[in-house]
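Shown next: work.txt, given as compact mmCIF, C-alpha atoms.
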# COMPACT_ATOMS: atom_id res chain seq x y z
CA MET B 16 0.00 0.00 0.00
CA PRO B 17 1.52 3.40 -0.97
CA ALA B 18 2.23 5.88 1.80
CA ARG B 19 -0.85 7.94 2.67
CA GLU B 20 0.83 11.16 3.72
CA LEU B 21 2.21 13.86 1.43
CA ARG B 22 5.87 13.50 2.21
CA ARG B 23 8.34 16.23 1.37
CA ASP B 24 9.59 14.20 -1.60
CA ASP B 25 6.06 14.16 -3.01
CA LEU B 26 5.98 17.94 -3.28
CA ALA B 27 7.58 17.86 -6.72
CA VAL B 28 8.16 20.94 -8.84
CA ASP B 29 5.66 19.65 -11.41
CA PRO B 30 2.43 18.29 -9.84
CA LEU B 31 1.53 16.42 -13.03
CA GLU B 32 4.53 14.19 -12.46
CA GLN B 33 3.13 13.31 -9.04
CA PHE B 34 -0.26 12.82 -10.68
CA ARG B 35 1.39 10.30 -13.00
CA VAL B 36 2.69 8.32 -10.00
CA TRP B 37 -0.63 8.34 -8.15
CA PHE B 38 -2.57 7.46 -11.29
CA ALA B 39 -0.32 4.45 -11.94
CA GLU B 40 -0.76 3.27 -8.34
CA ALA B 41 -4.53 3.68 -8.61
CA GLY B 42 -4.48 1.71 -11.86
CA ALA B 43 -3.09 -1.30 -10.01
CA ALA B 44 -5.83 -1.18 -7.34
CA VAL B 45 -8.96 0.50 -8.73
CA GLU B 46 -11.24 -0.84 -11.45
CA THR B 47 -11.74 2.55 -13.14
CA PRO B 48 -8.94 4.88 -12.01
CA GLU B 49 -9.62 7.19 -14.95
CA ALA B 50 -13.11 8.13 -13.70
CA MET B 51 -13.19 11.81 -12.81
CA SER B 52 -15.86 14.31 -11.85
CA LEU B 53 -16.08 17.17 -14.33
CA ALA B 54 -17.59 20.51 -13.29
CA THR B 55 -18.62 23.09 -15.88
CA ALA B 56 -20.74 26.24 -15.68
CA THR B 57 -22.94 28.34 -17.88
CA ALA B 58 -21.96 31.85 -18.92
CA ASP B 59 -23.81 33.23 -15.88
CA GLY B 60 -22.11 30.80 -13.49
CA SER B 61 -24.74 28.07 -12.96
CA PRO B 62 -22.71 24.88 -12.33
CA SER B 63 -23.26 21.29 -13.41
CA LEU B 64 -21.34 18.12 -12.58
CA ARG B 65 -20.93 14.63 -14.01
CA VAL B 66 -18.40 11.77 -14.21
CA VAL B 67 -16.35 11.31 -17.39
CA LEU B 68 -13.26 9.28 -18.25
CA LEU B 69 -9.73 10.61 -18.59
CA LYS B 70 -8.22 9.43 -21.89
CA ARG B 71 -4.72 10.92 -21.77
CA PHE B 72 -2.63 13.51 -19.97
CA ASP B 73 0.75 15.17 -20.26
CA GLU B 74 2.57 18.23 -18.95
CA ARG B 75 -0.10 20.49 -20.45
CA GLY B 76 -3.17 18.96 -18.87
CA LEU B 77 -5.85 16.28 -19.15
CA VAL B 78 -8.03 15.17 -22.07
CA PHE B 79 -11.53 13.68 -22.20
CA HIS B 80 -13.97 13.16 -25.08
CA THR B 81 -17.65 13.95 -25.49
CA HIS B 82 -20.22 15.54 -27.76
CA TYR B 83 -19.49 19.21 -28.37
CA THR B 84 -23.26 19.76 -28.53
CA SER B 85 -23.98 18.07 -25.16
CA ARG B 86 -24.84 20.12 -22.07
CA LYS B 87 -21.22 20.12 -20.91
CA GLY B 88 -20.06 20.95 -24.41
CA ARG B 89 -22.41 23.90 -24.67
CA GLU B 90 -21.33 25.13 -21.25
CA LEU B 91 -17.66 24.84 -22.18
CA GLU B 92 -18.27 26.85 -25.35
CA ALA B 93 -19.93 29.60 -23.30
CA ASN B 94 -17.53 29.42 -20.35
CA PRO B 95 -14.32 27.56 -21.34
CA ARG B 96 -13.07 26.63 -17.89
CA ALA B 97 -13.49 23.40 -15.92
CA ALA B 98 -12.65 21.65 -12.68
CA LEU B 99 -11.83 17.94 -12.31
CA VAL B 100 -11.73 15.66 -9.27
CA PHE B 101 -10.29 12.16 -8.93
CA HIS B 102 -11.11 10.32 -5.71
CA TRP B 103 -9.47 6.98 -4.96
CA ASP B 104 -10.98 5.90 -1.66
CA VAL B 105 -8.81 2.78 -1.36
CA PHE B 106 -5.81 5.08 -0.86
CA GLU B 107 -7.70 7.99 0.75
CA ARG B 108 -6.40 10.20 -2.04
CA GLN B 109 -7.94 12.98 -4.06
CA ILE B 110 -6.61 15.13 -6.89
CA ARG B 111 -8.23 18.35 -8.09
CA VAL B 112 -7.32 20.03 -11.37
CA GLU B 113 -8.64 23.39 -12.60
CA GLY B 114 -7.97 25.47 -15.68
CA PRO B 115 -9.08 26.73 -19.08
CA VAL B 116 -10.38 24.33 -21.71
CA THR B 117 -9.80 24.02 -25.46
CA HIS B 118 -10.77 21.51 -28.13
CA ALA B 119 -8.23 18.77 -28.71
CA PRO B 120 -6.90 18.74 -32.30
CA ASP B 121 -9.14 16.90 -34.76
CA ALA B 122 -6.31 14.50 -35.58
CA ASP B 123 -6.07 13.48 -31.91
CA SER B 124 -9.83 12.96 -31.71
CA ASP B 125 -9.75 10.87 -34.91
CA ARG B 126 -6.99 8.67 -33.52
CA TYR B 127 -8.86 8.02 -30.30
CA TRP B 128 -12.16 7.45 -32.12
CA SER B 129 -10.54 4.70 -34.20
CA THR B 130 -9.57 2.80 -31.02
CA ARG B 131 -13.09 2.72 -29.58
CA PRO B 132 -15.14 -0.49 -29.77
CA LEU B 133 -17.56 -0.53 -32.69
CA ASP B 134 -20.64 -0.48 -30.43
CA ALA B 135 -19.32 2.62 -28.65
CA ARG B 136 -18.71 4.39 -31.96
CA VAL B 137 -22.20 3.49 -33.20
CA ALA B 138 -23.87 4.74 -30.01
CA ALA B 139 -21.91 7.99 -30.04
CA ALA B 140 -22.67 8.60 -33.71
CA ALA B 141 -26.37 7.89 -33.16
CA SER B 142 -26.74 10.10 -30.10
CA ASP B 143 -27.60 13.79 -29.94
CA GLN B 144 -26.30 13.80 -26.39
CA SER B 145 -28.35 15.62 -23.75
CA ARG B 146 -31.22 16.26 -26.22
CA PRO B 147 -34.74 14.95 -25.46
CA ILE B 148 -36.01 11.76 -27.14
CA ALA B 149 -39.43 10.15 -27.05
CA SER B 150 -38.38 6.78 -25.65
CA ARG B 151 -35.58 4.28 -25.10
CA ARG B 152 -36.92 2.35 -28.07
CA ALA B 153 -36.57 5.42 -30.28
CA PHE B 154 -32.90 5.70 -29.35
CA LEU B 155 -32.27 2.01 -30.02
CA GLU B 156 -33.86 2.49 -33.43
CA LYS B 157 -31.42 5.34 -34.09
CA ILE B 158 -28.55 3.02 -33.18
CA GLU B 159 -29.82 0.34 -35.57
CA ALA B 160 -30.23 2.90 -38.36
CA THR B 161 -26.64 4.08 -37.81
CA LYS B 162 -25.41 0.48 -38.07
CA GLN B 163 -27.30 0.01 -41.31
CA THR B 164 -25.89 3.23 -42.75
CA HIS B 165 -22.23 2.80 -41.81
CA GLY B 166 -21.66 -0.89 -41.11
CA MET B 167 -18.21 -1.51 -39.63
CA GLU B 168 -16.82 1.90 -40.63
CA VAL B 169 -18.47 4.54 -38.46
CA PRO B 170 -16.85 7.95 -39.02
CA ARG B 171 -16.32 10.36 -36.13
CA PRO B 172 -19.15 12.90 -36.10
CA LYS B 173 -17.92 16.48 -36.23
CA ARG B 174 -20.01 17.16 -33.12
CA TRP B 175 -17.90 14.68 -31.11
CA GLY B 176 -14.29 15.09 -30.00
CA GLY B 177 -11.80 15.85 -27.30
CA TYR B 178 -11.38 18.62 -24.76
CA ARG B 179 -8.14 19.47 -22.99
CA VAL B 180 -8.25 20.93 -19.48
CA TRP B 181 -5.03 22.94 -19.21
CA ALA B 182 -3.70 22.49 -15.69
CA GLU B 183 -3.53 25.87 -13.96
CA ARG B 184 -4.17 24.70 -10.41
CA VAL B 185 -3.53 21.18 -9.07
CA GLU B 186 -4.28 20.08 -5.52
CA LEU B 187 -3.29 16.77 -3.90
CA TRP B 188 -5.17 15.55 -0.84
CA ALA B 189 -4.26 12.60 1.38
CA GLY B 190 -6.51 11.41 4.18
CA GLN B 191 -5.02 11.27 7.66
CA PRO B 192 -6.16 10.00 11.09
CA GLY B 193 -8.36 12.34 13.08
CA ARG B 194 -9.20 14.28 9.90
CA ALA B 195 -5.83 16.04 10.11
CA HIS B 196 -5.62 15.61 6.36
CA ASP B 197 -2.65 16.49 4.16
CA ARG B 198 -3.16 19.03 1.34
CA ALA B 199 -0.76 20.66 -1.08
CA VAL B 200 -1.52 22.95 -4.02
CA TRP B 201 0.42 24.00 -7.13
CA THR B 202 -0.53 27.02 -9.27
CA ARG B 203 0.92 28.57 -12.40
CA ALA B 204 0.05 31.39 -14.77
CA LEU B 205 -1.06 30.38 -18.27
CA GLN B 206 -0.70 32.59 -21.32
CA PRO B 207 -2.57 32.07 -24.62
CA ALA B 208 -0.34 30.51 -27.28
CA GLY B 209 -1.76 29.51 -30.65
CA ALA B 210 -4.71 27.16 -30.13
CA GLY B 211 -3.79 26.55 -26.49
CA PHE B 212 -1.70 27.94 -23.65
CA THR B 213 1.84 28.00 -22.41
CA GLY B 214 2.56 27.61 -18.72
CA GLY B 215 4.80 29.57 -16.38
CA ALA B 216 6.67 28.10 -13.44
CA TRP B 217 4.70 26.16 -10.87
CA ARG B 218 4.35 27.58 -7.34
CA ARG B 219 3.58 25.14 -4.52
CA THR B 220 2.42 25.36 -0.94
CA ARG B 221 0.76 23.28 1.72
CA LEU B 222 -2.82 23.97 2.76
CA GLN B 223 -4.57 23.41 6.05
CA PRO B 224 -7.28 20.74 5.86

Give the structure from this file in structure tokens form.
Amino acid sequence: MPARELRRDDLAVDPLEQFRVWFAEAGAAVETPEAMSLATATADGSPSLRVVLLKRFDERGLVFHTHYTSRKGRELEANPRAALVFHWDVFERQIRVEGPVTHAPDADSDRYWSTRPLDARVAAAASDQSRPIASRRAFLEKIEATKQTHGMEVPRPKRWGGYRVWAERVELWAGQPGRAHDRAVWTRALQPAGAGFTGGAWRRTRLQP
């Protein structure tokens, strides 16, 4: 079992490197370590929350995929910032990530789409996510129609693709006895650069629980 406390050696310069370590440890013990809560908000600040799956991450941030026309997609278009939470209860660990959001490049979304199981591609292509539908049967009929139209080669709909959450603030939390929990936070300034952002140096500090 990995150590529960945030030891001095864990307070790395780059929190995404520590995220990589924790994520690997969770992967060996948790059925779905990539499950993360995603918070978005409308232009006027009304929040919404759901669980999505992390698909990749690097020094820039974290990527997930969805319909651009879904509720979360519409909120991200109006207010392109998000917050993520991973909670791995088996280790009493939590990671929070916050920052601006951009579309992943189409080429990246195409590559990921091609790796998805056929049934998942069919369902995604058939769905107008978050939109009303008359019945479950009506949706299953849409799935069957999509199968008949595309067969084994289901192209990625233009309304579906990736989002990157650019890490601007990262917090690590480790549960401790008596609720004297361990918390540490890293922040950095991001500047627009092309279709994304470039990050300044990380600043880190401990927080009281």

Find the residues near B:Phe101: any atom within 10 Å, counting only C-alpha atoms, skip ones fewer than 5 places away on the same chain, and give them as a PyMOL selection string. chain B and resi 38+48-53+66+69+108-112+187

Which residues come within 10 Å of stretch 73-85 of chain B, counting all atoms listed in the file, excluding same-chain residues fewer than 4 positions away, as a PDB file with C-alpha atoms, in the frame of the given file?
ATOM      1  CA  ASP B  29       5.660  19.650 -11.410  1.00  0.00           C
ATOM      2  CA  PRO B  30       2.430  18.290  -9.840  1.00  0.00           C
ATOM      3  CA  LEU B  31       1.530  16.420 -13.030  1.00  0.00           C
ATOM      4  CA  GLU B  32       4.530  14.190 -12.460  1.00  0.00           C
ATOM      5  CA  PHE B  34      -0.260  12.820 -10.680  1.00  0.00           C
ATOM      6  CA  ARG B  35       1.390  10.300 -13.000  1.00  0.00           C
ATOM      7  CA  GLU B  49      -9.620   7.190 -14.950  1.00  0.00           C
ATOM      8  CA  MET B  51     -13.190  11.810 -12.810  1.00  0.00           C
ATOM      9  CA  LEU B  53     -16.080  17.170 -14.330  1.00  0.00           C
ATOM     10  CA  VAL B  67     -16.350  11.310 -17.390  1.00  0.00           C
ATOM     11  CA  LEU B  68     -13.260   9.280 -18.250  1.00  0.00           C
ATOM     12  CA  LEU B  69      -9.730  10.610 -18.590  1.00  0.00           C
ATOM     13  CA  ARG B  89     -22.410  23.900 -24.670  1.00  0.00           C
ATOM     14  CA  GLU B  90     -21.330  25.130 -21.250  1.00  0.00           C
ATOM     15  CA  LEU B  91     -17.660  24.840 -22.180  1.00  0.00           C
ATOM     16  CA  GLU B  92     -18.270  26.850 -25.350  1.00  0.00           C
ATOM     17  CA  LEU B  99     -11.830  17.940 -12.310  1.00  0.00           C
ATOM     18  CA  VAL B 112      -7.320  20.030 -11.370  1.00  0.00           C
ATOM     19  CA  GLU B 113      -8.640  23.390 -12.600  1.00  0.00           C
ATOM     20  CA  GLY B 114      -7.970  25.470 -15.680  1.00  0.00           C
ATOM     21  CA  PRO B 115      -9.080  26.730 -19.080  1.00  0.00           C
ATOM     22  CA  VAL B 116     -10.380  24.330 -21.710  1.00  0.00           C
ATOM     23  CA  THR B 117      -9.800  24.020 -25.460  1.00  0.00           C
ATOM     24  CA  HIS B 118     -10.770  21.510 -28.130  1.00  0.00           C
ATOM     25  CA  ALA B 119      -8.230  18.770 -28.710  1.00  0.00           C
ATOM     26  CA  SER B 124      -9.830  12.960 -31.710  1.00  0.00           C
ATOM     27  CA  TYR B 127      -8.860   8.020 -30.300  1.00  0.00           C
ATOM     28  CA  TRP B 128     -12.160   7.450 -32.120  1.00  0.00           C
ATOM     29  CA  ALA B 139     -21.910   7.990 -30.040  1.00  0.00           C
ATOM     30  CA  ALA B 140     -22.670   8.600 -33.710  1.00  0.00           C
ATOM     31  CA  SER B 142     -26.740  10.100 -30.100  1.00  0.00           C
ATOM     32  CA  ASP B 143     -27.600  13.790 -29.940  1.00  0.00           C
ATOM     33  CA  GLN B 144     -26.300  13.800 -26.390  1.00  0.00           C
ATOM     34  CA  SER B 145     -28.350  15.620 -23.750  1.00  0.00           C
ATOM     35  CA  ARG B 146     -31.220  16.260 -26.220  1.00  0.00           C
ATOM     36  CA  PRO B 172     -19.150  12.900 -36.100  1.00  0.00           C
ATOM     37  CA  LYS B 173     -17.920  16.480 -36.230  1.00  0.00           C
ATOM     38  CA  ARG B 174     -20.010  17.160 -33.120  1.00  0.00           C
ATOM     39  CA  TRP B 175     -17.900  14.680 -31.110  1.00  0.00           C
ATOM     40  CA  GLY B 176     -14.290  15.090 -30.000  1.00  0.00           C
ATOM     41  CA  GLY B 177     -11.800  15.850 -27.300  1.00  0.00           C
ATOM     42  CA  TYR B 178     -11.380  18.620 -24.760  1.00  0.00           C
ATOM     43  CA  ARG B 179      -8.140  19.470 -22.990  1.00  0.00           C
ATOM     44  CA  VAL B 180      -8.250  20.930 -19.480  1.00  0.00           C
ATOM     45  CA  TRP B 181      -5.030  22.940 -19.210  1.00  0.00           C
ATOM     46  CA  ALA B 182      -3.700  22.490 -15.690  1.00  0.00           C
ATOM     47  CA  GLU B 183      -3.530  25.870 -13.960  1.00  0.00           C
ATOM     48  CA  GLY B 211      -3.790  26.550 -26.490  1.00  0.00           C
ATOM     49  CA  PHE B 212      -1.700  27.940 -23.650  1.00  0.00           C
ATOM     50  CA  THR B 213       1.840  28.000 -22.410  1.00  0.00           C
ATOM     51  CA  GLY B 214       2.560  27.610 -18.720  1.00  0.00           C
TER      52      GLY B 214
END

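Computed from the coordinates, the atom CA of B:Gly190 to atom CA of B:Glu107 distance equals 5.0 Å.
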
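Taking atom CA of B:Asp197 and atom CA of B:Phe106 as the two end points, the separation is 12.9 Å.
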
Counting all atoms listed in the file, which residues sit no farther than 7 Å from the position (2.1, 23.6, 1.4) in the file's frame? I'd like them as a PyMOL selection string. chain B and resi 198-200+219-222

Could you work out an axis-aligned bounding box for all listed atoms of stretch 131-141 of chain B, with 6 Å added on each of the six sides, and give its centre and edge lengths in Å to one decimal, as AutoDock Vina command-line options?
--center_x -19.7 --center_y 4.0 --center_z -31.2 --size_x 25.3 --size_y 21.1 --size_z 17.1

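Compared by their closest atoms to B:Gln191, and using only C-alpha atoms, the residues B:Arg65, B:Arg19, B:Arg71, B:Arg151 rank with B:Arg19 nearest.
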
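Straight-line separation from atom CA of B:Arg23 to atom CA of B:Thr47: 28.3 Å.
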
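Nearest-residue note for B:Arg218: choosing from B:Ala141, B:Ala195, B:Met167, B:Val185, the minimum distance belongs to B:Val185, counting all atoms listed in the file.
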
Of B:His165, B:Arg152, B:Lys87, B:Arg22, the one nearest to B:Trp188 when counting all atoms listed in the file is B:Arg22

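Each of B:His102, B:Arg171, B:Arg184, B:Lys162 was checked against B:Asp123 using all atoms listed in the file; the smallest atom-to-atom distance is that of B:Arg171.
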
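By all atoms listed in the file, and with residues fewer than 2 positions from B:Glu168 along its chain excluded, the set lying at most 12 Å from it is Trp128, Ser129, Arg131, Pro132, Leu133, Asp134, Arg136, Val137, Ala140, Thr161, Lys162, Gln163, Thr164, His165, Gly166, Pro170 and Arg171 of chain B.
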
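Distances here use all atoms listed in the file; by that measure, the residue among B:Ile148, B:Val169, B:Ala135, B:Ala56 closest to B:Ala98 is B:Ala56.
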